[in-house]
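A short write-up of the structure that comes next.
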Amino acid sequence: MSVLVDEDTRVVVQGITGGEGEFHAGEMIEYGTDVVAGAVPGRGGEAVHGVPVYDTVSEAAREEDADASVVLVPPAFAADALFEALDSPLELVVAITEGIPTQDMSRVHKRLSEVDTRLVGPNCPGLITPGEAKLGILPGNIFSAGNVGLVSRSGTLTYQVVDNLTDRGLGQSTAIGIGGDPIIGTDFVDALGLFEADPATDAVVMCGEIGGEDEEEAAAFIGSEMTTPVVGFIAGRTAPPGKRMGHAGAIVSGSGTGTAESKIAALDDAGVSVGDTPEEVAAAVEELL
Amino acid sequence: MSVLVDEDTRVVVQGITGGEGEFHAGEMIEYGTDVVAGAVPGRGGEAVHGVPVYDTVSEAAREEDADASVVLVPPAFAADALFEALDSPLELVVAITEGIPTQDMSRVHKRLSEVDTRLVGPNCPGLITPGEAKLGILPGNIFSAGNVGLVSRSGTLTYQVVDNLTDRGLGQSTAIGIGGDPIIGTDFVDALGLFEADPATDAVVMCGEIGGEDEEEAAAFIGSEMTTPVVGFIAGRTAPPGKRMGHAGAIVSGSGTGTAESKIAALDDAGVSVGDTPEEVAAAVEELL
Amino acid sequence: MKLHEYQAKELFAEAGLATPDAALAESVEDALSTAESVGYPVAIKAQVQVGGRGKAGGIEIAENDREAREAADAILGMDLKGYRVDRVLVEAAVDFTNELYVGVTMDRGEGRPVAMVSSKGGVDIESVAAESPGAIAREHVDPAFGIHPYQARRAVYGAGVDRDVAGDVAGVLTTLYDLWEERDAADAEINPLMVTDDEGVVAADAVLNIDDDALFRHPDLAGMEEASYGDDLERTAGEYGFDYVRLEGNVGIIGNGAGLVMTTLDLVDHYGGEPANFLDIGGGAKAERVANALDVVFSDSNVDAVVFNIFGGITRGDEVARGINDALGAFEELPNPVVVRLAGTNAVEGMEILDTEKIDVEETLEGAVQRAVELAGSSGGGADSGGETANGGESR
Amino acid sequence: MKLHEYQAKELFAEAGLATPDAALAESVEDALSTAESVGYPVAIKAQVQVGGRGKAGGIEIAENDREAREAADAILGMDLKGYRVDRVLVEAAVDFTNELYVGVTMDRGEGRPVAMVSSKGGVDIESVAAESPGAIAREHVDPAFGIHPYQARRAVYGAGVDRDVAGDVAGVLTTLYDLWEERDAADAEINPLMVTDDEGVVAADAVLNIDDDALFRHPDLAGMEEASYGDDLERTAGEYGFDYVRLEGNVGIIGNGAGLVMTTLDLVDHYGGEPANFLDIGGGAKAERVANALDVVFSDSNVDAVVFNIFGGITRGDEVARGINDALGAFEELPNPVVVRLAGTNAVEGMEILDTEKIDVEETLEGAVQRAVELAGSSGGGADSGGETANGGESR
């Protein structure tokens, strides 16, 4: 019915006593997510929104039988929080934190290769299975349940596309924001693979942007491995070469790959319909279904 | 016909231009081992005993199609030589060097868990498949080809036992010195598993010593996994508790496990005949075959 | 954050890497006295954070006082790819027999650092990478272990570096990696690493870019940051904390989230307009941030109309609307027409309370962009900016 | 290599760990003046490298000059488990509310470091481990990454440390791990780590054992090594570079390779004798090493006979035989009978050239040991050592 998260997902919020942590834990609970614990060193025994807080993620996971965590701790402590989550162990870790040093993430990436836990993010809005569970900071109200999977590197662009989908009555199975950082846990190929394997997902929207080669790799994967139809969107067609635009990933080196042209061509070759506007994306999905 | 090495094994000698390296490379070649290259930084292009020397193990392995290396470099550079060998890649690395810092070996141990290469040693005499190949510093002339596998933590004790075996006409399939250091690549269980799977090995001699719990673990493995008969020997029965005797492993803490009694009892339980003297070991093997 | 060559060299020297004798000079007289103390010949090098300084005339060799005066005079104050040269590094010129390249960076695709050596140094390494990738030896590094000595050696031998200096170059690579790691660098490069007559190696140039996200744990490096923007608007935007890139069109763009702002640029282009800028206002949209964003965009004389596109997300649309209204209160009259589109949480409520006397409101992104493009086109002939807009148009 | 408490504490303090004010004293007067400058009450602690000093009377608390004099007088010069106390550490006594244990060591079975915390400090941690293993929280550390902050926290919370000091104790564990790694330690321990009235933590004791094999890269630590053998023979053997352990029997044993020497000990026991020592002569057997080994064993007045068992391996038996002959040349007459057995490469040639006038030669290990046991038994009544041998026998 969805990928990665559903109504049975039992969530620990790391950093639940912080401003962001407390606010978004509340939003997640209000959305219906089963937030079972918080984890904050030195704050064990307290409660936030009625949820018990533990000193360590391991204890939280053990005592509350959790299987996922959402990381909402400041960037200076985020890598350690991720290492902790990966060693607790959990099935899924969603890192919202923006601004984690790249070398920290490189070390986390190494550790990820040694464990079975899936990481989504960092610097991402999280993921949501509409009507069941929201792990992150996405605005739950714009989503609706349905059969369209969505994966995106960008936060507000995701919301825009979801808005266009929902306007046409096209609900989502699960929407995953994979994050715009140079080093992330779950990439397009991973997410597409999950949707391909999900019987409840009948079409997938993939929102990419300039920089890196993830979209090119995704196109190759779609071409060779996917039967579920995919509609694509690439932000940054008009970005001039060599200019950095916000996301660390969103820079075009001008050397052929990483440009919008390269990505769109690769997706075209893989049989992906690429929309020029978010509205066109939604229209293309409607046509497919 | 043997385990780990045979006449087809193509060997790189790391440190071949050093005193030990040059001497033992010569001995290995004389024994009939197919030493195809040496590797010493800065000495690429030279030759030792007619064998070409390369600057890196990777180049040596690539150019000479090698699948094993023998590490004969001083302890200060040994861990780096091991990392290099593990990344070249090779199937088998035999580390002779004695005195590698334990923390270095802990890092090598971590790396070992990430690769498919087998490490034997360090601080070991190496291994030999009599009549085919010798990788290490064992005195080839005392061995004879046959169907007895031998695995030992100790160098000269191994020679003693082999001497007793050979005296009775009991040849060896392969003899492996696993080394006496606290952290080693191949342990008793690994070696016993190889012999169990080798159709040419009809009996195994396992020479342990006091300290650690490797012999206890080996006993458990023999009891549950092995059909090939095993004869055991444990050195250090008369060593007083708390005294360190040579090998880093050879210290008895007096806390129950690690003592000769504990090891002998565990082997007895596993149906292993444990000799009181090397001569008794050889006699027990003769009886089995 | 990019360090200047002279700053990077100080850190390199501290780490034990050999660098030429040098000192910074801000005037021709300074440059001359430094040249004398360092000893001729000297290299006089513009300290601006752009690549290709040599080709652009930013680096000159001087054999004597006269040449040094000419060079310093020419370089100080020059405009180098849009940056004014305020300082030069006066450095002992190195006699060399060979030029190598040594670098460390993050391979994003692999998620691991990569250490590189090439025997083709002294030229644009990106061209080398594109034309003969085999000329660059690469070693991916496990960030948990750091670079192993054998990896440095393998890279050096793999790059075909002369064996006389192979050990030294391997040492330089190891030191550079350690420095890269310790300083949380994004890139650390020496190009060229000069091989001297006496078989030594000297870092003749130095690049060290620090990961902005890691500056919090490097207060000493953060203190080295010097504002060096190519243009006043970019400087102002930087001071306000916006991600801002100035472009050449006449449709100003403000939005939240890099992907959505880029998409807005793309839509402006799609509907026949030309984006004047990329401006990501970031999370929330309090009155002050809105006012600052409008200040930046209105200050661009190329701009003829502005599209302001916010997708509320967690931030509620009514709050954003109040922020916009407050910001607009400061203007008697807006310098350019502004089209606002709010979406997401409480967007409807937000749209209702927007001060539509001063701004146009559109319900959809497409509608807002189309309206802004229209407004920019119709005001194209305005006295304040028409000429420049035309120029902008021509240059595309 | 074991460091003394005072040396370990210097390194701990350097790493930023809190240790009590203290100074070393070699005389009672020294101790008194130190006690005064540190301030009473003080702990006066024997500086010898054995455990259980407290129970053995090596640590006393003094409240005033009189008590300090008494304590220093009692401890200085005392025999503590076979070691003479030449120095005491005079240290400010710490007021504490709680005693913890913090330690880092190598888990050999796992091949990984392990960091440990227990709220049951101040007692023998091995007893705690044996009796209530759950009272010690353990974190295995990936040596490539080093200890993560979360691991230190998890150990501390897992050990049930009071939350008021949990952060401090986690910090101590992290620092201790880093020190352990940086100094190539085998073990680093603080027992007890005292929790003070004002919620601080102080390392009241300090253990730091360095990996001998890593001393080559720590010349500063190697320089701290002080000969501290329990007995003169062990000191002499250590200076010769032998692995030597003195035991209580009367059959002296020299051999090559730890496993084979241990086996020789076992065989002596097996054939009814009692080993006087373990002596591993190591690789090769040049005349000087043979002579040194004989010197050590002959110097043991307990010894009545010696078995010398060399398995030639790569070293050829004839070379070993020449080494033995040369060494024997120095003796007019051997103090004890010596039985030699050579095996391995060229053993036959070696046996043939051995100087059988001075020594017995046996072909098999079993034969050599049996002969030595026989000789030791028959010379048991000799004037020089009979009594001691009898004592040795009784004590087993």
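We name chains A, B, ... following the order of the structure tokens; residues begin at 1 in each chain, and ligands are numbered from 1 as shown.
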
Could you please select, counting only C-alpha atoms, the residues of chain C within 9 Å of chain D and state them as a ChimeraX atom specification? /C:143-146

Produce a file of the selected residues containing N, CA and C atoms, as a compact mmCIF listing (two decimals), in the first residue's frame.
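Final output, saved to selection.txt:
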# COMPACT_ATOMS: atom_id res chain seq x y z
N PRO C 143 36.91 7.26 4.51
CA PRO C 143 37.01 8.39 5.44
C PRO C 143 37.19 7.97 6.90
N ALA C 144 36.86 6.73 7.20
CA ALA C 144 37.05 6.28 8.58
C ALA C 144 38.53 6.04 8.87
N PHE C 145 39.25 5.55 7.88
CA PHE C 145 40.67 5.27 8.08
C PHE C 145 41.55 6.47 7.74
N GLY C 146 41.10 7.30 6.83
CA GLY C 146 42.00 8.30 6.25
C GLY C 146 42.87 7.64 5.20

Would you write out, as CSV, a table of all residues in chain A that have an atom no more than 12 Å from an atom of chain B, listing for each the closest atom pair and the distance in Å to one decimal, considering only C-alpha atoms and ordering rows by chain and rising residue number?
residue,atom,partner,partner_atom,distance
A:Lys110,CA,B:Glu114,CA,11.3
A:Arg111,CA,B:Glu114,CA,11.7
A:Ser113,CA,B:Glu114,CA,10.0
A:Glu114,CA,B:Glu114,CA,8.7

Writing out the chosen residues with N, CA and C atoms as a tab-separated table (two decimals), in the first residue's frame:
chain	number	residue	atom	x	y	z
A	110	LYS	N	29.90	5.74	4.91
A	110	LYS	CA	30.71	4.54	5.11
A	110	LYS	C	30.01	3.59	6.08
A	111	ARG	N	29.53	4.13	7.17
A	111	ARG	CA	28.88	3.30	8.18
A	111	ARG	C	27.61	2.67	7.61
A	113	SER	N	27.09	1.59	4.76
A	113	SER	CA	27.40	0.42	3.93
A	113	SER	C	27.58	-0.83	4.78
A	114	GLU	N	27.68	-0.65	6.10
A	114	GLU	CA	27.92	-1.80	6.98
A	114	GLU	C	26.67	-2.28	7.70

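Excluding Ala78 of chain B and any residue on its chain fewer than 6 positions from it, the residues at most 9 Å away by only C-alpha atoms are Val71, Leu72, Ala95, Thr97, Ile100 and Asp104 of chain B.
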
At a cut-off of 8 Å, can you tabulate as CSV every residue of chain B near chain C together with its closest atom pair and the distance in Å to one decimal, using only C-alpha atoms and ordering rows by chain then number?
residue,atom,partner,partner_atom,distance
B:Pro41,CA,C:Arg153,CA,7.5
B:Gly42,CA,C:Arg163,CA,6.6
B:Asp55,CA,C:Tyr157,CA,7.3
B:Thr56,CA,C:Arg154,CA,6.3
B:Asp80,CA,C:Tyr150,CA,6.4
B:Ala81,CA,C:Tyr150,CA,7.3
B:Phe83,CA,C:His148,CA,7.8
B:Glu84,CA,C:Tyr150,CA,5.9

Filtering to all heavy atoms, could you give me those residues as a PDB file, in the first residue's frame?
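Wrote it out as result-v3.pdb, contents follow:
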ATOM      1  N   PRO B  41      58.332  -0.370  -2.308  1.00  0.00           N
ATOM      2  CA  PRO B  41      58.221   1.003  -2.821  1.00  0.00           C
ATOM      3  C   PRO B  41      59.589   1.559  -3.195  1.00  0.00           C
ATOM      4  O   PRO B  41      60.542   1.454  -2.409  1.00  0.00           O
ATOM      5  CB  PRO B  41      57.637   1.781  -1.643  1.00  0.00           C
ATOM      6  CG  PRO B  41      57.024   0.761  -0.741  1.00  0.00           C
ATOM      7  CD  PRO B  41      57.788  -0.501  -0.955  1.00  0.00           C
ATOM      8  N   GLY B  42      59.687   2.116  -4.370  1.00  0.00           N
ATOM      9  CA  GLY B  42      60.926   2.754  -4.790  1.00  0.00           C
ATOM     10  C   GLY B  42      61.922   1.801  -5.410  1.00  0.00           C
ATOM     11  O   GLY B  42      62.985   2.222  -5.871  1.00  0.00           O
ATOM     12  N   ASP B  55      56.869  -1.394  -7.598  1.00  0.00           N
ATOM     13  CA  ASP B  55      56.736  -0.396  -6.528  1.00  0.00           C
ATOM     14  C   ASP B  55      55.508  -0.645  -5.660  1.00  0.00           C
ATOM     15  O   ASP B  55      55.493  -0.295  -4.490  1.00  0.00           O
ATOM     16  CB  ASP B  55      56.624   1.006  -7.147  1.00  0.00           C
ATOM     17  CG  ASP B  55      57.927   1.458  -7.767  1.00  0.00           C
ATOM     18  OD1 ASP B  55      58.957   1.389  -7.074  1.00  0.00           O
ATOM     19  OD2 ASP B  55      57.914   1.866  -8.947  1.00  0.00           O
ATOM     20  N   THR B  56      54.478  -1.205  -6.269  1.00  0.00           N
ATOM     21  CA  THR B  56      53.242  -1.425  -5.524  1.00  0.00           C
ATOM     22  C   THR B  56      52.792  -2.872  -5.696  1.00  0.00           C
ATOM     23  O   THR B  56      53.098  -3.514  -6.708  1.00  0.00           O
ATOM     24  CB  THR B  56      52.105  -0.505  -6.022  1.00  0.00           C
ATOM     25  OG1 THR B  56      51.754  -0.877  -7.356  1.00  0.00           O
ATOM     26  CG2 THR B  56      52.537   0.960  -6.000  1.00  0.00           C
ATOM     27  N   ASP B  80      50.609  -1.188   7.020  1.00  0.00           N
ATOM     28  CA  ASP B  80      50.373  -0.567   5.719  1.00  0.00           C
ATOM     29  C   ASP B  80      50.551  -1.589   4.599  1.00  0.00           C
ATOM     30  O   ASP B  80      49.781  -1.593   3.639  1.00  0.00           O
ATOM     31  CB  ASP B  80      51.331   0.619   5.529  1.00  0.00           C
ATOM     32  CG  ASP B  80      50.976   1.429   4.286  1.00  0.00           C
ATOM     33  OD1 ASP B  80      49.799   1.821   4.159  1.00  0.00           O
ATOM     34  OD2 ASP B  80      51.856   1.647   3.445  1.00  0.00           O
ATOM     35  N   ALA B  81      51.540  -2.449   4.738  1.00  0.00           N
ATOM     36  CA  ALA B  81      51.746  -3.495   3.725  1.00  0.00           C
ATOM     37  C   ALA B  81      50.539  -4.420   3.668  1.00  0.00           C
ATOM     38  O   ALA B  81      50.136  -4.872   2.592  1.00  0.00           O
ATOM     39  CB  ALA B  81      53.016  -4.290   4.039  1.00  0.00           C
ATOM     40  N   PHE B  83      47.361  -3.582   4.533  1.00  0.00           N
ATOM     41  CA  PHE B  83      46.272  -2.840   3.881  1.00  0.00           C
ATOM     42  C   PHE B  83      46.471  -2.837   2.368  1.00  0.00           C
ATOM     43  O   PHE B  83      45.525  -2.985   1.600  1.00  0.00           O
ATOM     44  CB  PHE B  83      46.207  -1.395   4.406  1.00  0.00           C
ATOM     45  CG  PHE B  83      45.431  -1.232   5.673  1.00  0.00           C
ATOM     46  CD1 PHE B  83      46.068  -0.938   6.876  1.00  0.00           C
ATOM     47  CD2 PHE B  83      44.054  -1.354   5.692  1.00  0.00           C
ATOM     48  CE1 PHE B  83      45.359  -0.791   8.054  1.00  0.00           C
ATOM     49  CE2 PHE B  83      43.331  -1.196   6.859  1.00  0.00           C
ATOM     50  CZ  PHE B  83      43.987  -0.917   8.044  1.00  0.00           C
ATOM     51  N   GLU B  84      47.711  -2.644   1.969  1.00  0.00           N
ATOM     52  CA  GLU B  84      47.983  -2.633   0.532  1.00  0.00           C
ATOM     53  C   GLU B  84      47.647  -3.987  -0.094  1.00  0.00           C
ATOM     54  O   GLU B  84      46.990  -4.057  -1.128  1.00  0.00           O
ATOM     55  CB  GLU B  84      49.458  -2.282   0.274  1.00  0.00           C
ATOM     56  CG  GLU B  84      49.783  -2.268  -1.215  1.00  0.00           C
ATOM     57  CD  GLU B  84      51.169  -1.744  -1.544  1.00  0.00           C
ATOM     58  OE1 GLU B  84      51.987  -1.580  -0.608  1.00  0.00           O
ATOM     59  OE2 GLU B  84      51.422  -1.483  -2.735  1.00  0.00           O
TER      60      GLU B  84
END

Write out as a count of residues only the set of residues from segment 20-194 of chain B that DSSP, computed on the backbone, places in alpha helix (DSSP H). 63

With only C-alpha atoms as the counted atoms, please give the residues lying no more than 12 Å from Gly39 of chain C, apart from itself and same-chain residues fewer than 5 positions off, as an mmCIF file with N, CA and C atoms, in the first residue's frame.
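Listing of around.cif after writing:
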data_model
loop_
_atom_site.group_PDB
_atom_site.id
_atom_site.type_symbol
_atom_site.label_atom_id
_atom_site.label_comp_id
_atom_site.auth_asym_id
_atom_site.auth_seq_id
_atom_site.Cartn_x
_atom_site.Cartn_y
_atom_site.Cartn_z
ATOM 1 N N PRO C 20 56.989 28.731 -1.389
ATOM 2 C CA PRO C 20 58.044 29.723 -1.647
ATOM 3 C C PRO C 20 57.987 30.854 -0.612
ATOM 4 N N ASP C 21 59.132 31.505 -0.387
ATOM 5 C CA ASP C 21 59.144 32.729 0.423
ATOM 6 C C ASP C 21 58.235 33.747 -0.232
ATOM 7 N N ALA C 22 57.435 34.421 0.586
ATOM 8 C CA ALA C 22 56.470 35.351 -0.013
ATOM 9 C C ALA C 22 55.924 36.294 1.041
ATOM 10 N N ALA C 23 55.357 37.387 0.580
ATOM 11 C CA ALA C 23 54.599 38.264 1.460
ATOM 12 C C ALA C 23 53.544 38.990 0.642
ATOM 13 N N ALA C 31 55.052 46.167 -2.680
ATOM 14 C CA ALA C 31 55.420 45.044 -3.550
ATOM 15 C C ALA C 31 56.907 45.085 -3.857
ATOM 16 N N LEU C 32 57.434 46.289 -4.090
ATOM 17 C CA LEU C 32 58.850 46.434 -4.421
ATOM 18 C C LEU C 32 59.733 46.045 -3.243
ATOM 19 N N SER C 33 59.378 46.520 -2.059
ATOM 20 C CA SER C 33 60.239 46.207 -0.919
ATOM 21 C C SER C 33 60.167 44.708 -0.602
ATOM 22 N N THR C 34 58.974 44.119 -0.755
ATOM 23 C CA THR C 34 58.853 42.676 -0.543
ATOM 24 C C THR C 34 59.692 41.913 -1.562
ATOM 25 N N ALA C 62 58.701 38.992 -12.369
ATOM 26 C CA ALA C 62 59.552 40.185 -12.468
ATOM 27 C C ALA C 62 60.983 39.809 -12.107
ATOM 28 N N GLU C 63 61.932 40.277 -12.965
ATOM 29 C CA GLU C 63 63.335 39.943 -12.765
ATOM 30 C C GLU C 63 64.056 41.027 -11.972
ATOM 31 N N ASN C 64 63.434 42.212 -11.936
ATOM 32 C CA ASN C 64 64.108 43.340 -11.286
ATOM 33 C C ASN C 64 63.085 44.383 -10.849
ATOM 34 N N ASP C 65 63.580 45.429 -10.219
ATOM 35 C CA ASP C 65 62.695 46.458 -9.684
ATOM 36 C C ASP C 65 61.763 47.045 -10.749
ATOM 37 N N ALA C 68 59.109 44.637 -11.601
ATOM 38 C CA ALA C 68 58.216 44.438 -10.460
ATOM 39 C C ALA C 68 57.257 45.622 -10.349
ATOM 40 N N VAL C 90 53.654 38.617 -3.339
ATOM 41 C CA VAL C 90 54.965 38.731 -3.982
ATOM 42 C C VAL C 90 55.802 37.562 -3.477
ATOM 43 N N GLU C 91 56.224 36.728 -4.410
ATOM 44 C CA GLU C 91 56.699 35.405 -4.032
ATOM 45 C C GLU C 91 57.963 35.070 -4.812
ATOM 46 N N ALA C 92 58.924 34.465 -4.130
ATOM 47 C CA ALA C 92 60.139 34.027 -4.821
ATOM 48 C C ALA C 92 59.766 33.064 -5.944
ATOM 49 N N ALA C 93 60.224 33.361 -7.148
ATOM 50 C CA ALA C 93 59.948 32.452 -8.262
ATOM 51 C C ALA C 93 60.781 31.176 -8.065
ATOM 52 N N VAL C 94 60.186 30.048 -8.401
ATOM 53 C CA VAL C 94 60.829 28.753 -8.149
ATOM 54 C C VAL C 94 61.427 28.227 -9.445
#

With distances taken over only C-alpha atoms, which residue among A:Ile128, A:Val5, A:Leu267, A:Ala76 lies nearest Phe143 of chain A? A:Ile128

What parts of segment 186-287 of chain B does DSSP call strand (DSSP E or B)? I'd like the answer as a PyMOL selection string. chain B and resi 203-209+230-235+244+251+273-274

Mind writing the picked residues with N, CA, C and O atoms as a JSON list (two decimals), in the first residue's frame?
[["chain", "number", "residue", "atom", "x", "y", "z"],
["B", 203, "ALA", "N", 42.91, -36.47, 8.52],
["B", 203, "ALA", "CA", 42.97, -36.22, 9.96],
["B", 203, "ALA", "C", 43.63, -34.86, 10.15],
["B", 203, "ALA", "O", 44.37, -34.40, 9.27],
["B", 204, "VAL", "N", 43.35, -34.24, 11.29],
["B", 204, "VAL", "CA", 43.89, -32.91, 11.54],
["B", 204, "VAL", "C", 44.55, -32.89, 12.91],
["B", 204, "VAL", "O", 44.01, -33.45, 13.86],
["B", 205, "VAL", "N", 45.73, -32.25, 12.96],
["B", 205, "VAL", "CA", 46.37, -32.00, 14.25],
["B", 205, "VAL", "C", 46.24, -30.52, 14.55],
["B", 205, "VAL", "O", 46.53, -29.67, 13.70],
["B", 206, "MET", "N", 45.78, -30.23, 15.76],
["B", 206, "MET", "CA", 45.61, -28.85, 16.16],
["B", 206, "MET", "C", 46.46, -28.60, 17.40],
["B", 206, "MET", "O", 46.23, -29.22, 18.44],
["B", 207, "CYS", "N", 47.45, -27.70, 17.27],
["B", 207, "CYS", "CA", 48.33, -27.39, 18.39],
["B", 207, "CYS", "C", 47.95, -26.04, 18.97],
["B", 207, "CYS", "O", 48.19, -25.00, 18.36],
["B", 208, "GLY", "N", 47.38, -26.08, 20.16],
["B", 208, "GLY", "CA", 47.00, -24.83, 20.81],
["B", 208, "GLY", "C", 47.94, -24.51, 21.95],
["B", 208, "GLY", "O", 48.92, -25.21, 22.19],
["B", 209, "GLU", "N", 47.63, -23.45, 22.63],
["B", 209, "GLU", "CA", 48.39, -23.12, 23.83],
["B", 209, "GLU", "C", 47.49, -22.33, 24.76],
["B", 209, "GLU", "O", 46.38, -21.94, 24.38],
["B", 230, "VAL", "N", 40.19, -35.20, 14.68],
["B", 230, "VAL", "CA", 41.17, -34.20, 15.09],
["B", 230, "VAL", "C", 41.93, -34.71, 16.31],
["B", 230, "VAL", "O", 41.35, -35.30, 17.23],
["B", 231, "VAL", "N", 43.24, -34.51, 16.29],
["B", 231, "VAL", "CA", 44.08, -34.80, 17.46],
["B", 231, "VAL", "C", 44.61, -33.47, 17.98],
["B", 231, "VAL", "O", 45.03, -32.63, 17.19],
["B", 232, "GLY", "N", 44.57, -33.28, 19.28],
["B", 232, "GLY", "CA", 44.95, -31.98, 19.83],
["B", 232, "GLY", "C", 46.19, -32.02, 20.69],
["B", 232, "GLY", "O", 46.62, -33.08, 21.16],
["B", 233, "PHE", "N", 46.77, -30.86, 20.85],
["B", 233, "PHE", "CA", 47.88, -30.69, 21.79],
["B", 233, "PHE", "C", 47.77, -29.27, 22.35],
["B", 233, "PHE", "O", 47.48, -28.33, 21.62],
["B", 234, "ILE", "N", 47.95, -29.15, 23.68],
["B", 234, "ILE", "CA", 47.88, -27.83, 24.30],
["B", 234, "ILE", "C", 49.18, -27.59, 25.06],
["B", 234, "ILE", "O", 49.49, -28.33, 26.01],
["B", 235, "ALA", "N", 49.92, -26.57, 24.65],
["B", 235, "ALA", "CA", 51.16, -26.23, 25.35],
["B", 235, "ALA", "C", 50.85, -25.29, 26.50],
["B", 235, "ALA", "O", 49.95, -24.46, 26.40],
["B", 244, "ARG", "N", 53.23, -14.25, 31.91],
["B", 244, "ARG", "CA", 53.24, -14.16, 30.46],
["B", 244, "ARG", "C", 54.43, -14.92, 29.92],
["B", 244, "ARG", "O", 55.56, -14.69, 30.33],
["B", 251, "ILE", "N", 49.15, -16.16, 28.04],
["B", 251, "ILE", "CA", 49.09, -15.69, 29.41],
["B", 251, "ILE", "C", 47.80, -16.25, 29.98],
["B", 251, "ILE", "O", 46.79, -16.31, 29.30],
["B", 273, "SER", "N", 41.12, -36.35, 20.65],
["B", 273, "SER", "CA", 42.15, -37.02, 21.44],
["B", 273, "SER", "C", 43.27, -36.03, 21.67],
["B", 273, "SER", "O", 43.86, -35.51, 20.72],
["B", 274, "VAL", "N", 43.56, -35.70, 22.93],
["B", 274, "VAL", "CA", 44.59, -34.71, 23.23],
["B", 274, "VAL", "C", 45.83, -35.43, 23.76],
["B", 274, "VAL", "O", 45.76, -36.14, 24.77]]

Tell me which protein, DNA and RNA residues are within 6 Å of Ile44 of chain D, counting only C-alpha atoms, leaving out same-chain ones fewer than 5 positions away, and put them as a PDB file with N, CA, C and O atoms, in the first residue's frame.
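As a result, selection-v1.pdb now contains:
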ATOM      1  N   ILE D  59      49.033   1.778  50.310  1.00  0.00           N
ATOM      2  CA  ILE D  59      48.353   3.080  50.234  1.00  0.00           C
ATOM      3  C   ILE D  59      47.808   3.433  51.612  1.00  0.00           C
ATOM      4  O   ILE D  59      47.098   2.633  52.226  1.00  0.00           O
ATOM      5  N   GLU D  60      48.191   4.611  52.114  1.00  0.00           N
ATOM      6  CA  GLU D  60      47.680   5.053  53.418  1.00  0.00           C
ATOM      7  C   GLU D  60      47.186   6.490  53.298  1.00  0.00           C
ATOM      8  O   GLU D  60      47.729   7.280  52.526  1.00  0.00           O
ATOM      9  N   LEU D  89      53.801   8.374  45.854  1.00  0.00           N
ATOM     10  CA  LEU D  89      53.097   9.539  45.332  1.00  0.00           C
ATOM     11  C   LEU D  89      52.317  10.123  46.501  1.00  0.00           C
ATOM     12  O   LEU D  89      51.551   9.413  47.163  1.00  0.00           O
ATOM     13  N   VAL D  90      52.556  11.403  46.778  1.00  0.00           N
ATOM     14  CA  VAL D  90      51.827  12.078  47.859  1.00  0.00           C
ATOM     15  C   VAL D  90      50.783  12.970  47.202  1.00  0.00           C
ATOM     16  O   VAL D  90      51.122  13.880  46.440  1.00  0.00           O
TER      17      VAL D  90
END

Using only C-alpha atoms, which protein or nucleic acid residues come within 8 Å of Val104 of chain D? Drop anything in the same chain fewer than 3 positions from it, and give the result as a list in words.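 Residues near the query, excluding close chain neighbours: Pro113, Val114, Ala115, Met116, Leu176, Tyr177, Trp180, Asp187, Ala188 and Glu189 of chain D.
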
Atom CA of Glu319 of chain C and atom CA of Asp243 of chain C, how far apart in Å?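 A separation of 22.0 Å between them.
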
So, counting only C-alpha atoms, which residue among D:Ala135, D:Ala237, D:Met351, D:Leu208 is closest to Arg289 of chain D? D:Ala237
